[in-house]
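Below is input22.cif, which holds mmCIF, C-alpha atoms and all ligand atoms.
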```
data_work
#
loop_
_atom_site.label_atom_id
_atom_site.label_comp_id
_atom_site.auth_asym_id
_atom_site.auth_seq_id
_atom_site.Cartn_x
_atom_site.Cartn_y
_atom_site.Cartn_z
CA MET Y 19 -34.08 0.60 29.04
CA LEU Y 20 -31.86 -2.15 27.64
CA THR Y 21 -28.46 -0.94 26.47
CA VAL Y 22 -26.73 -3.26 24.03
CA VAL Y 23 -22.94 -3.05 24.08
CA HIS Y 24 -21.39 -4.16 20.82
CA GLU Y 25 -17.93 -5.65 20.72
CA PRO Y 26 -16.12 -4.31 17.65
CA VAL Y 27 -14.96 -6.50 14.80
CA VAL Y 28 -11.27 -5.70 14.51
CA VAL Y 29 -9.36 -6.31 11.31
CA GLN Y 30 -5.60 -6.03 10.88
CA VAL Y 31 -4.44 -4.87 7.45
CA PRO Y 32 -0.88 -4.80 6.10
CA ALA Y 33 1.05 -2.20 4.13
CA LYS Y 34 2.71 -3.22 0.86
CA VAL Y 35 5.95 -2.60 -0.94
CA ASN Y 36 6.44 -3.22 -4.67
CA LEU Y 37 9.55 -5.39 -5.15
CA HIS Y 38 9.19 -4.89 -8.90
CA LEU Y 39 7.05 -2.15 -10.44
CA GLY Y 40 7.11 -2.11 -14.22
CA VAL Y 41 4.93 0.66 -15.65
CA GLY Y 42 3.71 0.60 -19.25
CA ASP Y 43 2.17 3.40 -21.30
CA PRO Y 44 -1.06 5.08 -20.23
CA ARG Y 45 -4.22 3.27 -21.37
CA PRO Y 46 -7.30 5.00 -22.82
CA ASP Y 47 -8.91 4.85 -19.35
CA GLY Y 48 -6.01 6.86 -17.87
CA TYR Y 49 -4.50 3.93 -15.95
CA HIS Y 50 -1.11 2.44 -16.76
CA GLU Y 51 -0.57 -1.21 -17.52
CA LEU Y 52 1.53 -2.65 -14.70
CA ALA Y 53 3.65 -5.71 -14.07
CA THR Y 54 4.31 -5.59 -10.37
CA VAL Y 55 5.34 -7.88 -7.54
CA PHE Y 56 3.70 -6.83 -4.29
CA GLN Y 57 4.77 -7.92 -0.83
CA ALA Y 58 2.61 -7.41 2.28
CA LEU Y 59 4.60 -6.12 5.27
CA SER Y 60 4.28 -6.30 9.05
CA LEU Y 61 3.34 -2.64 9.25
CA HIS Y 62 -0.37 -2.40 9.89
CA ASP Y 63 -3.48 -0.30 10.15
CA THR Y 64 -6.38 -1.70 12.16
CA VAL Y 65 -9.99 -1.19 11.17
CA SER Y 66 -12.67 -1.67 13.85
CA VAL Y 67 -16.39 -1.61 13.13
CA VAL Y 68 -19.50 -1.51 15.31
CA PRO Y 69 -23.15 -1.12 14.31
CA ALA Y 70 -24.42 2.46 14.17
CA HIS Y 71 -27.45 4.48 13.03
CA GLY Y 72 -25.58 5.86 10.03
CA LEU Y 73 -22.13 5.74 8.46
CA GLU Y 74 -19.29 7.32 10.40
CA VAL Y 75 -15.50 7.14 9.98
CA ARG Y 76 -12.94 8.07 12.62
CA VAL Y 77 -9.19 8.06 11.97
CA ARG Y 78 -6.46 8.01 14.63
CA GLY Y 79 -2.68 7.57 14.68
CA GLU Y 80 0.10 8.04 12.09
CA GLY Y 81 -0.74 11.00 9.81
CA SER Y 82 -4.44 10.89 10.69
CA ARG Y 83 -4.85 14.67 10.50
CA PHE Y 84 -4.24 14.44 6.74
CA VAL Y 85 -7.00 11.89 6.18
CA PRO Y 86 -10.57 12.93 5.33
CA THR Y 87 -13.35 11.29 7.37
CA ASP Y 88 -16.17 11.82 4.85
CA ASN Y 89 -16.99 10.05 1.59
CA ARG Y 90 -13.45 10.76 0.30
CA ASN Y 91 -12.15 8.21 2.79
CA LEU Y 92 -11.59 4.82 1.15
CA ALA Y 93 -13.04 3.04 4.20
CA TRP Y 94 -16.27 5.03 3.76
CA ARG Y 95 -16.37 4.13 0.05
CA ALA Y 96 -15.74 0.49 0.84
CA ALA Y 97 -18.68 0.43 3.27
CA GLU Y 98 -20.97 1.99 0.65
CA ALA Y 99 -19.77 -0.39 -2.08
CA LEU Y 100 -20.27 -3.49 0.09
CA ALA Y 101 -23.69 -2.33 1.28
CA ALA Y 102 -24.80 -1.62 -2.31
CA HIS Y 103 -23.57 -5.07 -3.38
CA VAL Y 104 -25.85 -6.79 -0.87
CA GLY Y 105 -28.70 -4.24 -0.98
CA ARG Y 106 -28.55 -2.87 2.54
CA GLU Y 107 -27.90 0.49 4.19
CA PRO Y 108 -24.24 1.23 5.03
CA LYS Y 109 -24.76 1.67 8.76
CA ALA Y 110 -21.56 1.32 10.78
CA ARG Y 111 -19.06 3.25 12.82
CA ILE Y 112 -15.60 2.59 11.37
CA THR Y 113 -12.50 3.42 13.40
CA VAL Y 114 -9.17 3.37 11.58
CA ASP Y 115 -5.95 3.23 13.61
CA LYS Y 116 -3.18 4.17 11.24
CA GLY Y 117 0.33 2.76 11.39
CA ILE Y 118 0.88 3.02 7.62
CA PRO Y 119 2.12 6.44 6.46
CA VAL Y 120 -0.50 8.53 4.63
CA ALA Y 121 0.23 9.14 0.90
CA GLY Y 122 3.45 7.18 1.44
CA GLY Y 123 3.35 4.68 -1.44
CA MET Y 124 2.52 1.86 0.98
CA ALA Y 125 -1.21 1.53 0.17
CA GLY Y 126 -2.54 2.85 3.48
CA GLY Y 127 -5.87 4.00 2.07
CA SER Y 128 -6.24 0.73 0.17
CA ALA Y 129 -5.52 -1.14 3.39
CA ASP Y 130 -8.38 0.65 5.13
CA ALA Y 131 -10.71 -0.13 2.23
CA ALA Y 132 -9.76 -3.82 2.29
CA GLY Y 133 -10.04 -3.89 6.09
CA THR Y 134 -13.50 -2.35 5.98
CA LEU Y 135 -14.72 -4.94 3.46
CA VAL Y 136 -13.52 -7.81 5.65
CA ALA Y 137 -14.79 -6.22 8.88
CA LEU Y 138 -18.27 -5.42 7.58
CA ASP Y 139 -18.57 -8.79 5.83
CA ALA Y 140 -18.03 -10.33 9.28
CA MET Y 141 -20.19 -7.87 11.24
CA TRP Y 142 -23.11 -8.11 8.83
CA GLY Y 143 -22.77 -11.91 8.73
CA LEU Y 144 -22.52 -11.88 4.92
CA ASP Y 145 -19.78 -14.46 4.46
CA LEU Y 146 -19.39 -13.36 0.84
CA PRO Y 147 -17.21 -15.46 -1.46
CA ARG Y 148 -13.65 -14.09 -1.63
CA ASP Y 149 -14.18 -13.49 -5.34
CA ASP Y 150 -17.06 -11.05 -4.65
CA LEU Y 151 -14.89 -9.16 -2.14
CA ARG Y 152 -12.06 -9.12 -4.67
CA ARG Y 153 -14.28 -7.61 -7.37
CA ILE Y 154 -15.63 -4.94 -5.02
CA ALA Y 155 -12.05 -4.26 -3.93
CA ALA Y 156 -10.90 -3.74 -7.54
CA GLY Y 157 -13.63 -1.12 -7.97
CA LEU Y 158 -12.22 0.83 -5.02
CA GLY Y 159 -8.58 1.04 -6.15
CA SER Y 160 -5.84 -0.83 -7.97
CA ASP Y 161 -4.01 -1.88 -4.79
CA VAL Y 162 -7.06 -2.97 -2.76
CA PRO Y 163 -7.33 -6.57 -4.10
CA PHE Y 164 -3.70 -7.24 -3.14
CA ILE Y 165 -4.22 -6.01 0.41
CA LEU Y 166 -7.12 -8.49 0.74
CA LEU Y 167 -4.88 -11.30 -0.48
CA GLY Y 168 -1.57 -10.46 1.22
CA GLY Y 169 1.61 -12.54 0.95
CA THR Y 170 3.67 -11.93 -2.15
CA ALA Y 171 1.88 -11.69 -5.51
CA LEU Y 172 2.37 -10.74 -9.12
CA GLY Y 173 -0.10 -8.03 -10.18
CA THR Y 174 -0.96 -7.26 -13.81
CA GLY Y 175 -3.61 -5.11 -15.52
CA ARG Y 176 -3.69 -1.97 -13.40
CA GLY Y 177 -2.38 -4.10 -10.53
CA GLU Y 178 -5.64 -5.89 -9.67
CA ASP Y 179 -5.12 -9.21 -11.51
CA LEU Y 180 -3.17 -11.26 -8.98
CA THR Y 181 -1.20 -14.49 -8.93
CA THR Y 182 0.36 -15.66 -5.68
CA VAL Y 183 4.14 -15.95 -5.77
CA LEU Y 184 5.93 -18.63 -3.81
CA THR Y 185 8.72 -17.36 -1.59
CA ARG Y 186 11.23 -18.95 0.71
CA ASN Y 187 12.31 -17.09 3.86
CA SER Y 188 11.18 -13.71 5.16
CA CYS Y 189 12.47 -10.41 3.80
CA HIS Y 190 13.66 -7.88 6.38
CA TRP Y 191 12.99 -4.24 5.63
CA VAL Y 192 13.74 -0.83 7.06
CA LEU Y 193 11.21 1.81 6.08
CA ALA Y 194 12.05 5.51 6.05
CA PHE Y 195 8.88 7.61 6.30
CA ALA Y 196 9.28 11.01 4.63
CA LYS Y 197 7.98 14.40 5.64
CA GLY Y 198 4.86 14.97 3.56
CA GLY Y 199 3.43 12.63 0.94
CA LEU Y 200 3.28 12.22 -2.82
CA SER Y 201 0.09 12.00 -4.85
CA THR Y 202 -0.07 8.74 -6.84
CA PRO Y 203 -1.62 10.36 -9.97
CA ASP Y 204 1.04 13.11 -9.88
CA VAL Y 205 3.84 10.53 -9.83
CA PHE Y 206 2.38 8.58 -12.77
CA ALA Y 207 1.92 11.90 -14.64
CA GLU Y 208 5.54 12.87 -13.91
CA LEU Y 209 6.73 9.55 -15.34
CA ASP Y 210 4.68 10.19 -18.51
CA ARG Y 211 6.16 13.69 -18.72
CA LEU Y 212 9.73 12.42 -18.38
CA ARG Y 213 9.11 9.67 -20.93
CA ALA Y 214 7.40 12.06 -23.37
CA LYS Y 215 10.57 14.10 -23.48
CA GLY Y 216 11.97 11.17 -25.46
CA LEU Y 217 14.14 10.02 -22.63
CA SER Y 218 12.51 6.67 -22.05
CA ASP Y 219 15.60 4.60 -22.74
CA GLY Y 220 18.37 6.73 -21.38
CA PRO Y 221 19.22 9.43 -18.91
CA GLY Y 222 16.60 12.12 -18.39
CA ASP Y 223 15.99 15.48 -16.77
CA ASP Y 224 14.21 15.94 -13.48
CA ALA Y 225 11.65 18.68 -12.73
CA GLN Y 226 14.50 21.16 -12.16
CA GLY Y 227 16.18 20.24 -15.47
CA ARG Y 228 18.99 18.23 -13.87
CA ARG Y 229 20.24 15.14 -15.67
CA GLN Y 230 19.29 11.90 -13.98
CA PRO Y 231 19.58 8.21 -14.75
CA GLY Y 232 16.89 5.65 -14.24
CA LEU Y 233 14.27 6.10 -16.95
CA ARG Y 234 15.15 2.83 -18.65
CA ARG Y 235 12.07 0.62 -18.37
CA LEU Y 236 12.32 -2.44 -16.17
CA GLY Y 237 12.46 -5.78 -17.95
CA SER Y 238 10.52 -8.83 -16.81
CA ALA Y 239 10.21 -9.83 -13.19
CA ASP Y 240 11.66 -13.31 -13.84
CA ASP Y 241 14.99 -12.73 -12.04
CA LEU Y 242 13.15 -11.34 -9.05
CA LEU Y 243 10.75 -14.30 -8.95
CA GLN Y 244 13.70 -16.70 -9.02
CA ALA Y 245 15.45 -14.83 -6.21
CA LEU Y 246 12.24 -14.99 -4.13
CA ALA Y 247 11.92 -18.73 -4.73
CA ALA Y 248 15.56 -19.22 -3.71
CA GLY Y 249 14.99 -17.15 -0.54
CA ASP Y 250 18.35 -15.47 -0.89
CA ALA Y 251 18.27 -11.79 0.18
CA SER Y 252 21.64 -11.04 -1.40
CA ARG Y 253 20.29 -12.17 -4.80
CA LEU Y 254 17.10 -10.19 -4.26
CA GLY Y 255 18.72 -6.80 -3.65
CA PRO Y 256 20.14 -6.25 -7.14
CA VAL Y 257 16.89 -7.23 -8.90
CA LEU Y 258 14.51 -4.95 -6.98
CA GLY Y 259 13.21 -2.26 -9.34
CA ASN Y 260 10.64 0.51 -9.60
CA ASP Y 261 9.82 2.43 -12.80
CA LEU Y 262 8.10 5.11 -10.69
CA GLN Y 263 11.30 5.81 -8.76
CA ALA Y 264 12.70 8.26 -11.34
CA ALA Y 265 9.43 10.20 -11.25
CA ALA Y 266 9.27 10.21 -7.44
CA LEU Y 267 12.88 11.41 -7.28
CA SER Y 268 12.14 14.07 -9.85
CA LEU Y 269 9.34 15.43 -7.63
CA ARG Y 270 11.28 14.82 -4.40
CA PRO Y 271 15.04 15.08 -5.10
CA ASP Y 272 15.71 14.96 -1.33
CA LEU Y 273 14.90 11.22 -1.39
CA ARG Y 274 18.25 10.56 -3.10
CA ARG Y 275 19.97 11.42 0.18
CA THR Y 276 17.68 9.03 2.07
CA LEU Y 277 18.38 6.17 -0.37
CA ALA Y 278 22.13 6.78 -0.23
CA ALA Y 279 22.12 6.96 3.59
CA GLY Y 280 20.29 3.63 3.96
CA GLU Y 281 22.69 1.83 1.64
CA ARG Y 282 25.64 3.45 3.42
CA ALA Y 283 24.18 2.19 6.70
CA GLY Y 284 24.42 -1.38 5.39
CA ALA Y 285 21.17 -2.14 3.55
CA LEU Y 286 21.51 -4.52 0.60
CA ARG Y 287 19.43 -2.12 -1.51
CA GLY Y 288 17.16 0.91 -1.13
CA ILE Y 289 14.19 1.64 -3.37
CA VAL Y 290 11.32 4.09 -3.35
CA SER Y 291 8.18 2.24 -2.22
CA GLY Y 292 5.59 2.39 -5.03
CA SER Y 293 4.81 6.03 -5.81
CA GLY Y 294 6.79 7.16 -2.74
CA PRO Y 295 7.96 9.05 -0.84
CA THR Y 296 8.61 6.21 1.67
CA CYS Y 297 11.98 4.54 1.00
CA ALA Y 298 12.27 0.79 1.64
CA PHE Y 299 15.61 -0.84 2.43
CA LEU Y 300 16.12 -4.58 2.05
CA CYS Y 301 18.47 -5.96 4.71
CA ALA Y 302 20.32 -9.26 5.03
CA ASP Y 303 18.49 -10.36 8.19
CA GLU Y 304 16.62 -9.09 11.27
CA ASP Y 305 19.78 -7.96 13.10
CA ALA Y 306 21.02 -6.07 10.06
CA ALA Y 307 17.63 -4.36 9.74
CA LEU Y 308 17.82 -3.22 13.36
CA ALA Y 309 21.36 -1.88 12.87
CA VAL Y 310 20.40 -0.05 9.65
CA SER Y 311 17.31 1.44 11.30
CA LEU Y 312 19.33 2.82 14.22
CA GLU Y 313 21.94 4.37 11.96
CA LEU Y 314 19.39 5.80 9.54
CA ALA Y 315 17.39 7.34 12.38
CA GLY Y 316 20.48 9.31 13.39
CA GLU Y 317 21.11 10.68 9.89
CA GLY Y 318 18.26 13.18 9.78
CA VAL Y 319 17.26 12.14 6.26
CA CYS Y 320 13.68 11.13 7.04
CA ARG Y 321 10.83 11.72 9.49
CA THR Y 322 10.59 8.29 11.12
CA VAL Y 323 12.20 4.88 10.71
CA ARG Y 324 10.42 1.52 11.11
CA VAL Y 325 11.51 -2.10 10.82
CA ALA Y 326 9.17 -4.60 9.13
CA SER Y 327 9.24 -8.02 7.54
CA GLY Y 328 7.29 -9.72 4.80
CA PRO Y 329 5.43 -11.53 3.51
CA VAL Y 330 2.51 -11.39 5.99
CA PRO Y 331 -1.19 -12.30 5.51
CA GLY Y 332 -3.73 -9.94 3.97
CA ALA Y 333 -6.66 -8.29 5.78
CA ARG Y 334 -7.92 -10.59 8.55
CA VAL Y 335 -10.27 -10.47 11.51
CA LEU Y 336 -8.48 -10.56 14.87
CA GLY Y 337 -9.94 -13.04 17.35
CA ASP Y 338 -13.56 -14.18 17.21
CA ASP Y 339 -15.12 -10.94 18.43
CA HIS Y 340 -17.62 -10.86 15.58
CA ASP Y 341 -19.36 -13.93 17.00
CA ASP Y 342 -20.00 -12.14 20.29
CA TYR Y 343 -22.72 -9.68 19.49
CA ASP Y 344 -26.28 -9.71 18.19
CA ASP Y 345 -27.28 -8.16 14.90
CA PRO Y 346 -29.43 -5.45 16.51
CA GLU Y 347 -32.94 -5.03 15.13
CA ASP Y 348 -33.00 -1.49 16.53
CA LEU Y 349 -30.25 -0.48 14.13
CA ALA Y 350 -31.56 -2.28 11.02
C1 LIG I 1 1.50 3.12 -7.45
C2 LIG I 1 0.83 1.98 -6.74
C3 LIG I 1 1.76 0.75 -6.84
O1 LIG I 1 1.26 -0.35 -6.14
O2 LIG I 1 0.53 2.19 -5.37
P1 LIG I 1 1.03 3.36 -4.34
O3 LIG I 1 2.50 3.27 -4.34
O4 LIG I 1 0.52 4.68 -4.83
O5 LIG I 1 0.45 2.98 -2.99
C4 LIG I 1 -0.54 1.64 -7.39
O6 LIG I 1 -0.40 1.38 -8.75
C5 LIG I 1 -1.56 2.73 -7.17
O7 LIG I 1 -2.71 2.10 -6.74
P2 LIG I 1 -3.92 2.92 -6.03
O8 LIG I 1 -3.36 3.87 -5.02
O9 LIG I 1 -4.90 1.90 -5.58
O10 LIG I 1 -4.40 3.77 -7.22
P3 LIG I 1 -5.87 4.01 -7.84
O11 LIG I 1 -6.72 4.62 -6.78
O12 LIG I 1 -6.36 2.79 -8.55
O13 LIG I 1 -5.52 5.11 -8.92
C6 LIG I 1 -5.14 6.42 -8.57
C7 LIG I 1 -4.53 7.05 -9.79
O14 LIG I 1 -3.20 6.50 -10.01
C8 LIG I 1 -2.95 6.36 -11.39
N1 LIG I 1 -2.76 4.93 -11.71
C9 LIG I 1 -3.02 3.97 -10.77
C10 LIG I 1 -2.80 2.64 -11.09
C11 LIG I 1 -2.34 2.32 -12.39
N2 LIG I 1 -2.13 1.07 -12.76
N3 LIG I 1 -2.11 3.29 -13.30
C12 LIG I 1 -2.29 4.59 -12.97
O15 LIG I 1 -2.06 5.48 -13.79
C13 LIG I 1 -4.15 6.96 -12.11
O16 LIG I 1 -3.86 8.33 -12.33
C14 LIG I 1 -5.26 6.81 -11.10
O17 LIG I 1 -6.29 7.76 -11.28
N1 LIG I 2 -8.27 5.65 4.89
C1 LIG I 2 -7.36 6.44 4.30
N2 LIG I 2 -6.09 6.46 4.73
C2 LIG I 2 -5.17 7.25 4.12
N3 LIG I 2 -5.44 8.09 3.10
C3 LIG I 2 -6.70 8.09 2.63
C4 LIG I 2 -7.70 7.28 3.21
N4 LIG I 2 -8.83 7.48 2.52
C5 LIG I 2 -8.55 8.39 1.57
N5 LIG I 2 -7.28 8.78 1.63
C6 LIG I 2 -6.64 9.75 0.71
O1 LIG I 2 -5.81 9.01 -0.18
C7 LIG I 2 -4.57 9.65 -0.39
C8 LIG I 2 -3.50 8.59 -0.65
O2 LIG I 2 -3.29 7.91 0.55
P1 LIG I 2 -2.57 6.50 0.76
O3 LIG I 2 -3.44 5.40 0.29
O4 LIG I 2 -2.16 6.50 2.17
O5 LIG I 2 -1.27 6.63 -0.13
P2 LIG I 2 -0.64 5.84 -1.34
O6 LIG I 2 -1.62 5.88 -2.48
O7 LIG I 2 0.61 6.61 -1.63
O8 LIG I 2 -0.33 4.47 -0.87
C9 LIG I 2 -4.34 10.50 0.87
O9 LIG I 2 -3.70 11.69 0.56
C10 LIG I 2 -5.74 10.74 1.43
O10 LIG I 2 -6.23 12.03 1.11
#
```
As structure tokens, what does this structure read like?
Ligand SMILES: C[C@@](CO)(OP(=O)(O)O)[C@H](O)COP(=O)(O)OP(=O)(O)OC[C@H]1O[C@@H](n2ccc(N)nc2=O)[C@H](O)[C@@H]1O
Ligand SMILES: Nc1ncnc2c1ncn2[C@@H]1O[C@H](COP(=O)(O)OP(=O)(O)O)[C@@H](O)[C@H]1O
Amino acid sequence: MLTVVHEPVVVQVPAKVNLHLGVGDPRPDGYHELATVFQALSLHDTVSVVPAHGLEVRVRGEGSRFVPTDNRNLAWRAAEALAAHVGREPKARITVDKGIPVAGGMAGGSADAAGTLVALDAMWGLDLPRDDLRRIAAGLGSDVPFILLGGTALGTGRGEDLTTVLTRNSCHWVLAFAKGGLSTPDVFAELDRLRAKGLSDGPGDDAQGRRQPGLRRLGSADDLLQALAAGDASRLGPVLGNDLQAAALSLRPDLRRTLAAGERAGALRGIVSGSGPTCAFLCADEDAALAVSLELAGEGVCRTVRVASGPVPGARVLGDDHDDYDDPEDLA
């Protein structure tokens, strides 16, 4: 009997951090209008696909025990959405190797969805226009289109309408992974709750009733865009901003200690990444990032510390493996 060995198509997908995350009021559809500047970072998941008789998802690595492997997994949903788009059965074995923290505000699930779209597009020989992939991506989650695109981009709508932003020089980051995660809908709901208490333009109370600053809404991203164009990290630090940070800190007050420790260790600025609880620290250069990471790791204020830089490309096939195997009739 002939045994066909299939080389996997392997796609590398980046995490993201929001350099600016302005959150508007909730819309009738439950989403919030955003004005955000995403940056793709050199912290990756990889998504590998091979043909199979049905659909199967395996997850390994960072936080994998918290990730479902059934139709709740965004990679699974991406496979079904792509297959439906082209009118075929979603038959593939998808293996996700996680480096991006789960429920960490770094778009790990979105990365796996974007990676699956690119991997299956290659494996099934579809060669779909990028615009088709982008529309399918937007149906899977607000962050998925950005992970396809990568680089640095301004996102509006619920984050899916993207314009590439020109940047000079790399940004050097230290990432502090937290114990546990935060649910994105819970963080948006907490922001609505804090704002509904009439505290939208001044100091507010956190979940325990303690006074806290930071509910003032972010202004435009113009200063940030100028600092990115100038490529000057010291100008960038002061203009980083995240409207969700007050809500994340309200749900996880312990993150204040993490943010303070990173800045004490020499970071130009620490912010909560997206909906958190990962904290991202902008550093002056690669050496500074290494020094901050070593000091932060010794402070006991987070689970794990990583160094990363950005911007990096979006989801992309590694090598030319997808050209190496036949589309097997026996699995059609
Ligand atoms: C907050 C951000 C910032 O980039 O990412 P994370 O930090 O969680 O990774 C994103 O807006 C998250 O994007 P994503 O994780 O794709 O969220 P989705 O699946 O589209 O939505 C999950 C839920 O988040 C809330 N949501 C999301 C996006 C948005 N613009 N408004 C919202 O209110 C809604 O409650 C929605 O039901
Ligand atoms: N492939 C996946 N990787 C991680 N989480 C996933 C995945 N698919 C579904 N999820 C679910 O999505 C939730 C949010 O995960 P993630 O995308 O990592 O976080 P965030 O939205 O904070 O960036 C997780 O708690 C998990 O249950």
Please identify every polymer residue within 7 Å of ligand LIG 1 (chain I), using only C-alpha atoms and all ligand atoms, and present the set as an MDAnalysis selection string.
-> chainID Y and resid 36 44 48:52 122:125 128 158:162 175:177 202:203 206 291:294
Polymer residues at most 10 Å from Phe56 in chain Y, only C-alpha atoms, same-chain spacing of 2 or more positions, as a ChimeraX atom specification = /Y:33-39,53-54,58-59,161,164-165,168-173,177,180,182-183,292,329
Kindly compile the residues surrounding ligand LIG 2 (chain I) within 8 Å, counting all atoms listed in the file, and format them as number ranges by chain.
-> Y: 77, 82, 84-87, 90-94, 114, 116, 118-131, 199-202, 292-295
Shortest interatomic distance to Gly280 in chain Y - which of Y:Leu236, Y:Val192, Y:Leu267, Y:Ala137, counting all atoms listed in the file = Y:Val192
Excluding same-chain residues fewer than 5 positions from Val290 in chain Y, what lies within 8 Å of it counting all atoms listed in the file, as a list in words?
-> Asn260, Gln263, Ala266, Leu277, Pro295, Thr296, Cys297 and Ala298 of chain Y
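The nearest approach to Leu167 in chain Y among the residues Y:Val325, Y:Ala245, Y:Ala239, Y:Val31, with all atoms listed in the file taken into account, belongs to Y:Val31.
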Return the single residue from Y:Leu209, Y:Ala196, Y:Ala110, Y:Ala102 that is closest to His71 in chain Y, with distances computed using all atoms listed in the file.
-> Y:Ala110
Which of these residues is nearest to Arg186 in chain Y, using all atoms listed in the file: Y:Ala207, Y:Gly249, Y:Ser238, Y:Pro163?
-> Y:Gly249
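Distances from Y:Val68, Y:Ala99, Y:Ala326, Y:Ile112 to Cys301 in chain Y were compared using all atoms listed in the file, and the smallest one belongs to Y:Ala326.
The gap separating CA of Arg253 in chain Y from CA of Val323 in chain Y is 24.4 Å, in Å to one decimal.
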Counting all atoms listed in the file, find the residues whose atoms lie at most 9 Å from (21.0, -12.0, 6.0) (file coordinates) and write them out as a list in words.
-> Cys189, His190, Asp250, Ala251, Ser252, Cys301, Ala302, Asp303, Glu304, Asp305 and Ala306 of chain Y
Could you take the residues named above and write them with C-alpha atoms, as a PDB file, in the frame of the given file?
```pdb
ATOM      1  CA  CYS Y 189      12.470 -10.410   3.800  1.00  0.00           C
ATOM      2  CA  HIS Y 190      13.660  -7.880   6.380  1.00  0.00           C
ATOM      3  CA  ASP Y 250      18.350 -15.470  -0.890  1.00  0.00           C
ATOM      4  CA  ALA Y 251      18.270 -11.790   0.180  1.00  0.00           C
ATOM      5  CA  SER Y 252      21.640 -11.040  -1.400  1.00  0.00           C
ATOM      6  CA  CYS Y 301      18.470  -5.960   4.710  1.00  0.00           C
ATOM      7  CA  ALA Y 302      20.320  -9.260   5.030  1.00  0.00           C
ATOM      8  CA  ASP Y 303      18.490 -10.360   8.190  1.00  0.00           C
ATOM      9  CA  GLU Y 304      16.620  -9.090  11.270  1.00  0.00           C
ATOM     10  CA  ASP Y 305      19.780  -7.960  13.100  1.00  0.00           C
ATOM     11  CA  ALA Y 306      21.020  -6.070  10.060  1.00  0.00           C
TER      12      ALA Y 306
END
```
Go ahead and compute the interatomic distance for CA of Glu281 in chain Y and CA of Arg321 in chain Y, in Å to one decimal.
-> 17.3 Å
CA of Asp43 in chain Y to CA of Glu178 in chain Y: how many Å, to one decimal?
-> 16.8 Å
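You can rank Y:Pro69, Y:Asp88, Y:Asp139, Y:Gly117 by their closest distance to Ala101 in chain Y using only C-alpha atoms, and at the top of that list sits Y:Asp139.
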Selection near Glu313 in chain Y, 12 Å with only C-alpha atoms, sequence-local residues under 3 positions removed, as a VMD selection string | chain Y and resid 192 194 276 279 to 285 306 to 310 316 to 320 323 to 324
If you count only C-alpha atoms, which residues fall within 12 Å of range 104-108 of chain Y, apart from same-chain ones fewer than 2 positions away, as an NGL selection string?
-> :Y and (67-75 or 89 or 93-102 or 110-112 or 134-135 or 138-139 or 141-146 or 150-151 or 154 or 349-350)
Write a file for range 281-292 of chain Y of the given structure; include N, CA and C atoms and format it as a PDB file, in the first residue's frame.
```pdb
ATOM      1  N   GLU Y 281       9.103  50.239  35.104  1.00  0.00           N
ATOM      2  CA  GLU Y 281       9.599  51.615  34.909  1.00  0.00           C
ATOM      3  C   GLU Y 281      10.775  51.882  35.841  1.00  0.00           C
ATOM      4  N   ARG Y 282      10.695  51.312  37.057  1.00  0.00           N
ATOM      5  CA  ARG Y 282      11.828  51.451  37.991  1.00  0.00           C
ATOM      6  C   ARG Y 282      13.074  50.773  37.425  1.00  0.00           C
ATOM      7  N   ALA Y 283      12.855  49.691  36.698  1.00  0.00           N
ATOM      8  CA  ALA Y 283      13.982  48.930  36.137  1.00  0.00           C
ATOM      9  C   ALA Y 283      14.612  49.634  34.937  1.00  0.00           C
ATOM     10  N   GLY Y 284      13.979  50.742  34.478  1.00  0.00           N
ATOM     11  CA  GLY Y 284      14.615  51.524  33.419  1.00  0.00           C
ATOM     12  C   GLY Y 284      13.846  51.603  32.118  1.00  0.00           C
ATOM     13  N   ALA Y 285      12.628  51.041  32.077  1.00  0.00           N
ATOM     14  CA  ALA Y 285      11.835  51.168  30.842  1.00  0.00           C
ATOM     15  C   ALA Y 285      11.411  52.629  30.663  1.00  0.00           C
ATOM     16  N   LEU Y 286      11.273  53.040  29.389  1.00  0.00           N
ATOM     17  CA  LEU Y 286      10.807  54.402  29.119  1.00  0.00           C
ATOM     18  C   LEU Y 286       9.357  54.562  29.551  1.00  0.00           C
ATOM     19  N   ARG Y 287       8.585  53.468  29.423  1.00  0.00           N
ATOM     20  CA  ARG Y 287       7.157  53.538  29.756  1.00  0.00           C
ATOM     21  C   ARG Y 287       6.599  52.127  29.817  1.00  0.00           C
ATOM     22  N   GLY Y 288       5.690  51.886  30.748  1.00  0.00           N
ATOM     23  CA  GLY Y 288       4.980  50.606  30.816  1.00  0.00           C
ATOM     24  C   GLY Y 288       3.505  50.836  30.583  1.00  0.00           C
ATOM     25  N   ILE Y 289       2.896  49.962  29.783  1.00  0.00           N
ATOM     26  CA  ILE Y 289       1.437  50.028  29.591  1.00  0.00           C
ATOM     27  C   ILE Y 289       0.879  48.613  29.634  1.00  0.00           C
ATOM     28  N   VAL Y 290      -0.415  48.520  29.958  1.00  0.00           N
ATOM     29  CA  VAL Y 290      -1.098  47.238  29.820  1.00  0.00           C
ATOM     30  C   VAL Y 290      -1.292  46.995  28.324  1.00  0.00           C
ATOM     31  N   SER Y 291      -1.018  45.771  27.876  1.00  0.00           N
ATOM     32  CA  SER Y 291      -1.175  45.432  26.460  1.00  0.00           C
ATOM     33  C   SER Y 291      -2.650  45.127  26.165  1.00  0.00           C
ATOM     34  N   GLY Y 292      -3.290  45.950  25.363  1.00  0.00           N
ATOM     35  CA  GLY Y 292      -4.694  45.718  25.000  1.00  0.00           C
ATOM     36  C   GLY Y 292      -5.561  45.550  26.235  1.00  0.00           C
TER      37      GLY Y 292
END
```
